[in-house]
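Source file: work.cif (mmCIF, C-alpha atoms)
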data_query
#
loop_
_atom_site.label_atom_id
_atom_site.label_comp_id
_atom_site.auth_asym_id
_atom_site.auth_seq_id
_atom_site.Cartn_x
_atom_site.Cartn_y
_atom_site.Cartn_z
CA MET A 1 2.67 0.98 84.54
CA VAL A 2 1.64 -0.73 81.28
CA VAL A 3 2.93 -4.29 81.17
CA PHE A 4 1.15 -5.55 78.05
CA GLU A 5 -0.77 -3.74 75.33
CA LYS A 6 -1.83 -4.10 71.73
CA PRO A 7 0.81 -2.94 69.23
CA LYS A 8 -0.06 0.34 67.54
CA SER A 9 0.49 -1.31 64.16
CA LEU A 10 -2.53 -3.58 64.72
CA THR A 11 -6.11 -2.38 64.30
CA ASP A 12 -8.90 -3.03 66.82
CA ALA A 13 -10.62 -5.54 64.50
CA PRO A 14 -11.32 -8.90 66.21
CA LEU A 15 -9.32 -11.73 64.62
CA HIS A 16 -11.38 -14.17 62.54
CA TYR A 17 -8.92 -17.07 62.71
CA CYS A 18 -9.89 -20.49 64.07
CA PRO A 19 -9.31 -21.27 67.77
CA GLY A 20 -5.69 -22.27 68.29
CA CYS A 21 -4.49 -20.84 64.97
CA THR A 22 -1.14 -19.14 65.37
CA HIS A 23 -1.72 -16.44 62.73
CA GLY A 24 -2.70 -14.08 65.54
CA ILE A 25 0.66 -14.55 67.27
CA ILE A 26 2.54 -13.91 64.03
CA HIS A 27 0.45 -10.81 63.31
CA ARG A 28 1.43 -9.44 66.70
CA LEU A 29 5.13 -10.15 66.16
CA VAL A 30 5.06 -8.35 62.80
CA ALA A 31 3.23 -5.40 64.35
CA GLU A 32 5.68 -5.24 67.26
CA ALA A 33 8.58 -5.10 64.80
CA LEU A 34 6.95 -2.21 62.92
CA ASP A 35 6.33 -0.40 66.21
CA THR A 36 9.91 -0.93 67.38
CA LEU A 37 11.34 0.47 64.16
CA GLY A 38 8.77 3.28 64.03
CA VAL A 39 7.90 2.56 60.39
CA GLU A 40 4.16 1.82 60.51
CA GLY A 41 3.38 5.10 58.74
CA LYS A 42 5.52 4.19 55.73
CA THR A 43 4.92 0.44 55.56
CA ILE A 44 2.97 -1.38 52.84
CA GLY A 45 1.98 -5.00 53.37
CA VAL A 46 1.05 -7.43 50.59
CA ALA A 47 -1.44 -10.22 51.31
CA PRO A 48 -2.30 -12.81 48.64
CA VAL A 49 -4.89 -15.62 48.65
CA GLY A 50 -5.22 -17.89 51.68
CA CYS A 51 -5.92 -17.39 55.37
CA SER A 52 -3.77 -14.26 55.11
CA VAL A 53 -6.16 -12.69 52.60
CA MET A 54 -7.84 -10.53 55.24
CA ALA A 55 -4.64 -9.28 56.84
CA TYR A 56 -5.65 -5.83 55.60
CA ASP A 57 -8.25 -5.81 58.42
CA TYR A 58 -5.61 -6.28 61.08
CA PHE A 59 -2.52 -4.26 60.15
CA ALA A 60 -2.78 -0.50 60.56
CA CYS A 61 -0.41 0.15 57.67
CA ASP A 62 -1.39 0.33 53.99
CA MET A 63 -2.16 -3.08 52.50
CA VAL A 64 -2.30 -4.36 48.91
CA GLU A 65 -4.04 -7.53 47.78
CA ALA A 66 -2.11 -9.76 45.35
CA ALA A 67 -3.24 -12.62 43.15
CA HIS A 68 -2.54 -16.12 44.46
CA GLY A 69 1.24 -16.56 44.80
CA ARG A 70 2.16 -13.22 43.29
CA ALA A 71 2.94 -11.29 46.48
CA PRO A 72 6.74 -11.19 45.96
CA ALA A 73 6.24 -9.83 42.44
CA VAL A 74 3.82 -7.18 43.68
CA ALA A 75 6.17 -6.35 46.55
CA THR A 76 9.05 -5.99 44.09
CA GLY A 77 7.07 -3.45 42.09
CA LEU A 78 6.06 -1.54 45.21
CA LYS A 79 9.62 -1.40 46.54
CA ARG A 80 11.03 -0.21 43.23
CA ALA A 81 8.31 2.42 42.90
CA PHE A 82 8.55 3.50 46.54
CA PRO A 83 12.10 2.67 47.67
CA GLU A 84 11.74 4.68 50.91
CA ASN A 85 8.80 2.56 52.06
CA VAL A 86 9.01 -0.68 54.02
CA ILE A 87 7.41 -3.50 52.01
CA PHE A 88 6.49 -6.92 53.37
CA THR A 89 4.54 -9.95 52.20
CA TYR A 90 2.55 -12.25 54.47
CA GLN A 91 2.10 -15.67 52.84
CA GLY A 92 1.11 -19.24 53.59
CA ASP A 93 2.80 -22.39 52.32
CA GLY A 94 0.16 -23.21 49.71
CA ASP A 95 0.62 -19.72 48.32
CA LEU A 96 4.37 -19.17 48.59
CA ALA A 97 5.67 -22.70 47.98
CA SER A 98 3.23 -23.79 45.28
CA ILE A 99 1.71 -21.35 42.80
CA GLY A 100 4.06 -18.61 44.00
CA MET A 101 7.32 -20.58 44.07
CA ALA A 102 8.77 -18.90 40.97
CA GLU A 103 8.08 -15.41 42.33
CA THR A 104 9.65 -16.36 45.65
CA VAL A 105 12.79 -17.87 44.15
CA HIS A 106 13.45 -15.05 41.70
CA ALA A 107 12.78 -12.26 44.22
CA ALA A 108 15.30 -13.98 46.51
CA ALA A 109 17.79 -14.49 43.67
CA ARG A 110 17.61 -10.77 42.83
CA ASN A 111 18.00 -9.91 46.53
CA GLU A 112 15.00 -7.60 46.35
CA ASN A 113 14.97 -5.37 49.41
CA ILE A 114 11.72 -6.74 50.83
CA THR A 115 10.67 -8.78 53.86
CA VAL A 116 8.75 -12.05 53.44
CA ILE A 117 6.83 -13.62 56.30
CA PHE A 118 6.21 -17.25 55.34
CA VAL A 119 3.66 -19.14 57.46
CA ASN A 120 4.27 -22.89 57.15
CA ASN A 121 1.44 -24.95 58.65
CA ALA A 122 1.88 -27.84 56.21
CA ILE A 123 -1.62 -27.61 54.72
CA TYR A 124 -3.94 -25.45 52.63
CA GLY A 125 -5.95 -23.73 55.35
CA MET A 126 -8.61 -21.48 53.86
CA THR A 127 -9.61 -23.73 50.96
CA GLY A 128 -10.44 -26.82 52.98
CA GLY A 129 -7.32 -28.66 54.04
CA GLN A 130 -5.73 -30.00 50.88
CA MET A 131 -2.18 -31.35 50.79
CA ALA A 132 0.36 -28.54 50.48
CA PRO A 133 3.94 -28.54 49.17
CA THR A 134 5.04 -28.63 52.81
CA SER A 135 2.68 -31.40 54.02
CA LEU A 136 4.71 -34.10 55.76
CA PRO A 137 5.25 -37.64 54.45
CA GLY A 138 2.28 -39.70 55.60
CA GLN A 139 0.28 -36.62 56.62
CA VAL A 140 -3.47 -37.06 56.20
CA THR A 141 -5.20 -34.23 54.35
CA GLN A 142 -8.38 -33.83 52.30
CA THR A 143 -6.48 -34.78 49.14
CA SER A 144 -4.25 -37.40 50.78
CA PRO A 145 -6.76 -39.32 52.95
CA TYR A 146 -4.34 -42.25 53.31
CA GLY A 147 -1.39 -39.97 54.05
CA ARG A 148 1.04 -38.23 51.72
CA ASP A 149 2.61 -40.89 49.52
CA VAL A 150 6.04 -39.62 48.50
CA THR A 151 6.22 -42.08 45.61
CA THR A 152 3.44 -40.20 43.81
CA ALA A 153 3.30 -36.78 45.54
CA GLY A 154 7.01 -36.29 46.09
CA TYR A 155 8.66 -35.02 49.23
CA PRO A 156 7.85 -31.82 51.13
CA ILE A 157 9.76 -28.72 50.06
CA ARG A 158 12.11 -27.24 52.63
CA VAL A 159 11.90 -23.62 51.50
CA SER A 160 14.50 -22.12 53.85
CA GLU A 161 17.13 -24.70 52.93
CA MET A 162 16.42 -24.28 49.23
CA LEU A 163 16.57 -20.47 49.21
CA SER A 164 19.74 -20.49 51.30
CA THR A 165 21.61 -22.09 48.39
CA LEU A 166 21.06 -18.93 46.32
CA ASP A 167 23.71 -16.20 46.28
CA GLY A 168 21.13 -13.41 46.48
CA PRO A 169 19.25 -13.52 49.79
CA GLU A 170 20.50 -11.53 52.76
CA TYR A 171 18.80 -13.42 55.56
CA ILE A 172 16.82 -16.67 55.87
CA GLU A 173 15.65 -18.07 59.21
CA ARG A 174 13.10 -20.66 60.30
CA VAL A 175 11.30 -20.12 63.60
CA ALA A 176 8.21 -21.48 65.36
CA VAL A 177 5.46 -20.05 67.58
CA ASN A 178 4.32 -23.06 69.62
CA ASN A 179 5.77 -22.04 72.99
CA VAL A 180 7.01 -18.94 74.78
CA LYS A 181 10.68 -19.55 74.05
CA ASN A 182 10.05 -20.02 70.34
CA VAL A 183 7.71 -17.02 70.15
CA LYS A 184 10.43 -14.78 71.62
CA ALA A 185 12.99 -16.10 69.14
CA ALA A 186 10.51 -15.60 66.29
CA GLY A 187 9.98 -11.99 67.36
CA LYS A 188 13.72 -11.31 67.23
CA ALA A 189 14.02 -12.88 63.79
CA ILE A 190 11.10 -10.91 62.36
CA LEU A 191 12.48 -7.67 63.80
CA LYS A 192 15.87 -8.40 62.24
CA ALA A 193 14.24 -9.12 58.86
CA PHE A 194 12.54 -5.71 58.86
CA LYS A 195 15.66 -3.98 60.17
CA ASN A 196 17.65 -5.50 57.28
CA GLN A 197 15.25 -3.84 54.84
CA VAL A 198 15.45 -0.47 56.59
CA GLU A 199 19.24 -0.72 56.33
CA GLY A 200 19.03 -1.61 52.63
CA LYS A 201 20.56 -5.07 52.98
CA GLY A 202 18.11 -6.93 50.76
CA PHE A 203 15.83 -9.95 50.77
CA SER A 204 14.89 -11.47 54.13
CA LEU A 205 12.53 -14.41 54.61
CA ILE A 206 11.30 -15.69 57.95
CA GLU A 207 9.66 -19.11 57.78
CA VAL A 208 7.31 -19.58 60.73
CA VAL A 209 6.38 -23.17 61.60
CA SER A 210 2.75 -22.84 62.62
CA SER A 211 -0.36 -24.80 63.55
CA CYS A 212 -3.71 -25.38 61.82
CA PRO A 213 -5.81 -27.27 64.40
CA THR A 214 -8.99 -27.19 62.29
CA ASN A 215 -7.52 -28.81 59.18
CA TRP A 216 -5.16 -31.03 61.14
CA GLY A 217 -8.21 -32.35 63.01
CA MET A 218 -6.63 -31.67 66.41
CA THR A 219 -7.29 -29.66 69.53
CA PRO A 220 -5.27 -26.43 69.79
CA GLN A 221 -3.07 -27.97 72.50
CA LYS A 222 -2.42 -31.15 70.52
CA ALA A 223 -1.59 -29.07 67.44
CA LEU A 224 1.12 -27.21 69.36
CA GLU A 225 2.53 -30.54 70.55
CA TRP A 226 2.43 -31.87 66.97
CA ILE A 227 4.68 -29.01 65.89
CA ASP A 228 7.33 -30.24 68.35
CA GLU A 229 6.78 -33.93 67.60
CA LYS A 230 6.45 -33.88 63.80
CA MET A 231 6.98 -30.47 62.20
CA ILE A 232 10.23 -29.28 63.77
CA PRO A 233 12.09 -32.60 63.25
CA TYR A 234 11.35 -32.26 59.51
CA TYR A 235 11.76 -28.48 59.45
CA PRO A 236 14.63 -27.74 61.89
CA LEU A 237 14.67 -24.24 63.34
CA GLY A 238 17.61 -21.91 62.88
CA VAL A 239 19.40 -19.40 60.69
CA TYR A 240 19.95 -20.74 57.19
CA LYS A 241 21.61 -17.66 55.72
CA ASP A 242 22.87 -14.39 57.15
CA LYS A 243 25.28 -12.61 54.82
CA SER A 244 26.00 -9.78 57.25
CA ALA A 245 26.96 -12.20 60.01
CA GLN A 246 29.17 -14.15 57.62
CA LYS A 247 30.99 -10.95 56.64
CA GLU A 248 31.56 -10.07 60.30
CA GLU A 249 33.06 -13.52 60.96
CA LYS A 250 35.54 -13.01 58.15
#

Could I get this structure in the form of structure tokens?
Amino acid sequence: MVVFEKPKSLTDAPLHYCPGCTHGIIHRLVAEALDTLGVEGKTIGVAPVGCSVMAYDYFACDMVEAAHGRAPAVATGLKRAFPENVIFTYQGDGDLASIGMAETVHAAARNENITVIFVNNAIYGMTGGQMAPTSLPGQVTQTSPYGRDVTTAGYPIRVSEMLSTLDGPEYIERVAVNNVKNVKAAGKAILKAFKNQVEGKGFSLIEVVSSCPTNWGMTPQKALEWIDEKMIPYYPLGVYKDKSAQKEEK
């Protein structure tokens, strides 16, 4: 009896991520969703610049590289050209919420039938730990050594709350992957986001509150605790928009 095995939608390539990084967990949840829906053979993933740039090594489906921030635009083109395929983007906060904010907002406003996996670890990971649009007030980074000063840098952007104000998106949910309970909930949300696309419902974005022990300057264990202590209070978990559920309630 097989109790636990690698999803078929993941390759055998060893993960390159730093110890304690939660990208590996999120990769698995995405792959499990593709396996469950049986769509790996017709799925195309889009990975832009950032720690996600080498996702093409890990997902067994076709992958396309996009310029920094442009993944939703590339995904839009792919979905319109290949409407029968399942198209997803895998993006970090520096990518999606900074240089790619316009692409994200307008893809959501148009309710493009794509799935966006948004990894929010509140920092630029691959490029050295600079302050990101989602870095917390007072958070120390390479470009905010005295902590994020909101009087000059502004406040962090709550992407899920912002996108939920648009009429277009089908489904917006924020999850986390810092403990077993949250990982299970994240898996359900990611599966639903892909299922929405298969059913033609439109734009789904899952924001995953994640850790970056290396650039946070913490041990892996402390980084997971910091998610509970600091990240989740500022970025509350939950469903921010679900048009199908709202219709059922009516």

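Between Val239 in chain A and the candidates A:Glu32, A:Asp57, A:Glu207, A:Glu173, the tightest atom-to-atom separation, counting only C-alpha atoms, involves A:Glu173.
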
Q: Give me the result of the PyMOL selection byres ((chain A and resi 47) around 12) on this file, residue by residue, as a PyMOL selection string.
A: chain A and resi 44-46+48-59+62-75+87-92+95-96+116-119

Q) Hey, what's within 9 Å of Lys8 in chain A if we count all atoms listed in the file and toss same-chain stuff fewer than 4 positions away? As a list in words, please? A) Ala31, Glu32, Leu34, Asp35, Glu40 and Ala60 of chain A

Q) What does the distance from CA of Glu225 in chain A to CA of Ile99 in chain A come to in Å, to one decimal? A) 29.2 Å

Q: For each of A:Ser144, A:Ser204, A:Thr43, A:Ser160, take the minimum atom-to-atom distance to Ala107 in chain A, counting all atoms listed in the file, then give the residue where this is smallest.
A: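 With all atoms listed in the file as the atom set, the closest residue is A:Ser204.
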
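Among the candidate residues A:Asp228, A:Ala109, A:Asn215, A:Gly125, the one lying nearest to Val140 in chain A is A:Asn215, with distances computed using all atoms listed in the file.
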
Q) With all atoms listed in the file as the atoms that count, which of A:Val105, A:Ala81, A:Ile227, A:Leu10 lies nearest to Thr165 in chain A? A)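 That would be A:Val105, the residue with the smallest distance to Thr165 in chain A.
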
Q: Have a look at A:Tyr235, A:Phe4, A:Phe203, A:Tyr240 and name the one nearest to Gly168 in chain A; count only C-alpha atoms.
A: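 The answer is A:Phe203, which sits nearest to Gly168 in chain A.
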
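For the pair CA of Lys247 in chain A and CA of Gly202 in chain A, the separation is 14.7 Å.
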
(Q) Residues within 9 Å of Ile26 in chain A, please, as a list in words. Count all atoms listed in the file; anything in the same chain fewer than 4 positions from it doesn't count. (A)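 The residues satisfying every condition are Thr22, Val30, Ala31, Ile117, Val119, Val177, Val183, Ala186, Gly187 and Val208 of chain A.
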
Result set of the PyMOL selection byres ((chain A and resi 39) around 10) on the coordinates above, as a PDB file with C-alpha atoms, keeping the file's coordinate frame:
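Everything below was put into part_1.pdb:
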ATOM      1  CA  SER A   9       0.490  -1.310  64.160  1.00  0.00           C
ATOM      2  CA  ALA A  33       8.580  -5.100  64.800  1.00  0.00           C
ATOM      3  CA  LEU A  34       6.950  -2.210  62.920  1.00  0.00           C
ATOM      4  CA  ASP A  35       6.330  -0.400  66.210  1.00  0.00           C
ATOM      5  CA  THR A  36       9.910  -0.930  67.380  1.00  0.00           C
ATOM      6  CA  LEU A  37      11.340   0.470  64.160  1.00  0.00           C
ATOM      7  CA  GLY A  38       8.770   3.280  64.030  1.00  0.00           C
ATOM      8  CA  GLU A  40       4.160   1.820  60.510  1.00  0.00           C
ATOM      9  CA  GLY A  41       3.380   5.100  58.740  1.00  0.00           C
ATOM     10  CA  LYS A  42       5.520   4.190  55.730  1.00  0.00           C
ATOM     11  CA  THR A  43       4.920   0.440  55.560  1.00  0.00           C
ATOM     12  CA  ILE A  44       2.970  -1.380  52.840  1.00  0.00           C
ATOM     13  CA  CYS A  61      -0.410   0.150  57.670  1.00  0.00           C
ATOM     14  CA  ASN A  85       8.800   2.560  52.060  1.00  0.00           C
ATOM     15  CA  VAL A  86       9.010  -0.680  54.020  1.00  0.00           C
ATOM     16  CA  PHE A 194      12.540  -5.710  58.860  1.00  0.00           C
ATOM     17  CA  VAL A 198      15.450  -0.470  56.590  1.00  0.00           C
TER      18      VAL A 198
END

Q. Where does the PyMOL selection byres ((chain A and resi 153) around 12) land in this file, that is, which residues does it pick, as a VMD selection string?
A. chain A and resid 131 to 139 143 to 144 147 to 152 154 to 157

With N, CA and C atoms as the goal, would you fill in the gaps in range 120-136 of chain A and present it as a PDB file, in the frame of the given file?
ATOM      1  N   ASN A 120       4.251 -21.486  57.565  1.00  0.00           N
ATOM      2  CA  ASN A 120       4.270 -22.890  57.150  1.00  0.00           C
ATOM      3  C   ASN A 120       3.479 -23.729  58.161  1.00  0.00           C
ATOM      4  N   ASN A 121       2.220 -24.042  57.807  1.00  0.00           N
ATOM      5  CA  ASN A 121       1.440 -24.950  58.650  1.00  0.00           C
ATOM      6  C   ASN A 121       1.138 -26.269  57.945  1.00  0.00           C
ATOM      7  N   ALA A 122       1.878 -26.531  56.874  1.00  0.00           N
ATOM      8  CA  ALA A 122       1.880 -27.840  56.210  1.00  0.00           C
ATOM      9  C   ALA A 122       0.531 -28.253  55.626  1.00  0.00           C
ATOM     10  N   ILE A 123      -0.311 -27.259  55.286  1.00  0.00           N
ATOM     11  CA  ILE A 123      -1.620 -27.610  54.720  1.00  0.00           C
ATOM     12  C   ILE A 123      -2.235 -26.366  54.084  1.00  0.00           C
ATOM     13  N   TYR A 124      -3.135 -26.566  53.137  1.00  0.00           N
ATOM     14  CA  TYR A 124      -3.940 -25.450  52.630  1.00  0.00           C
ATOM     15  C   TYR A 124      -5.032 -25.178  53.657  1.00  0.00           C
ATOM     16  N   GLY A 125      -5.010 -24.008  54.272  1.00  0.00           N
ATOM     17  CA  GLY A 125      -5.950 -23.730  55.350  1.00  0.00           C
ATOM     18  C   GLY A 125      -7.308 -23.258  54.877  1.00  0.00           C
ATOM     19  N   MET A 126      -7.348 -22.126  54.184  1.00  0.00           N
ATOM     20  CA  MET A 126      -8.610 -21.480  53.860  1.00  0.00           C
ATOM     21  C   MET A 126      -9.476 -22.299  52.906  1.00  0.00           C
ATOM     22  N   THR A 127      -8.852 -23.048  52.012  1.00  0.00           N
ATOM     23  CA  THR A 127      -9.610 -23.730  50.960  1.00  0.00           C
ATOM     24  C   THR A 127     -10.032 -25.145  51.323  1.00  0.00           C
ATOM     25  N   GLY A 128      -9.847 -25.558  52.565  1.00  0.00           N
ATOM     26  CA  GLY A 128     -10.440 -26.820  52.980  1.00  0.00           C
ATOM     27  C   GLY A 128      -9.515 -27.919  53.429  1.00  0.00           C
ATOM     28  N   GLY A 129      -8.223 -27.672  53.482  1.00  0.00           N
ATOM     29  CA  GLY A 129      -7.320 -28.660  54.040  1.00  0.00           C
ATOM     30  C   GLY A 129      -6.688 -29.620  53.064  1.00  0.00           C
ATOM     31  N   GLN A 130      -6.412 -29.143  51.844  1.00  0.00           N
ATOM     32  CA  GLN A 130      -5.730 -30.000  50.880  1.00  0.00           C
ATOM     33  C   GLN A 130      -4.244 -30.156  51.225  1.00  0.00           C
ATOM     34  N   MET A 131      -3.609 -31.160  50.627  1.00  0.00           N
ATOM     35  CA  MET A 131      -2.180 -31.350  50.790  1.00  0.00           C
ATOM     36  C   MET A 131      -1.433 -30.166  50.190  1.00  0.00           C
ATOM     37  N   ALA A 132      -0.453 -29.664  50.921  1.00  0.00           N
ATOM     38  CA  ALA A 132       0.360 -28.540  50.480  1.00  0.00           C
ATOM     39  C   ALA A 132       1.756 -29.016  50.108  1.00  0.00           C
ATOM     40  N   PRO A 133       2.562 -28.144  49.482  1.00  0.00           N
ATOM     41  CA  PRO A 133       3.940 -28.540  49.170  1.00  0.00           C
ATOM     42  C   PRO A 133       4.752 -28.884  50.412  1.00  0.00           C
ATOM     43  N   THR A 134       4.304 -28.399  51.565  1.00  0.00           N
ATOM     44  CA  THR A 134       5.040 -28.630  52.810  1.00  0.00           C
ATOM     45  C   THR A 134       4.405 -29.702  53.683  1.00  0.00           C
ATOM     46  N   SER A 135       3.295 -30.333  53.235  1.00  0.00           N
ATOM     47  CA  SER A 135       2.680 -31.400  54.020  1.00  0.00           C
ATOM     48  C   SER A 135       3.680 -32.536  54.216  1.00  0.00           C
ATOM     49  N   LEU A 136       3.704 -33.100  55.410  1.00  0.00           N
ATOM     50  CA  LEU A 136       4.710 -34.100  55.760  1.00  0.00           C
ATOM     51  C   LEU A 136       4.435 -35.457  55.124  1.00  0.00           C
TER      52      LEU A 136
END
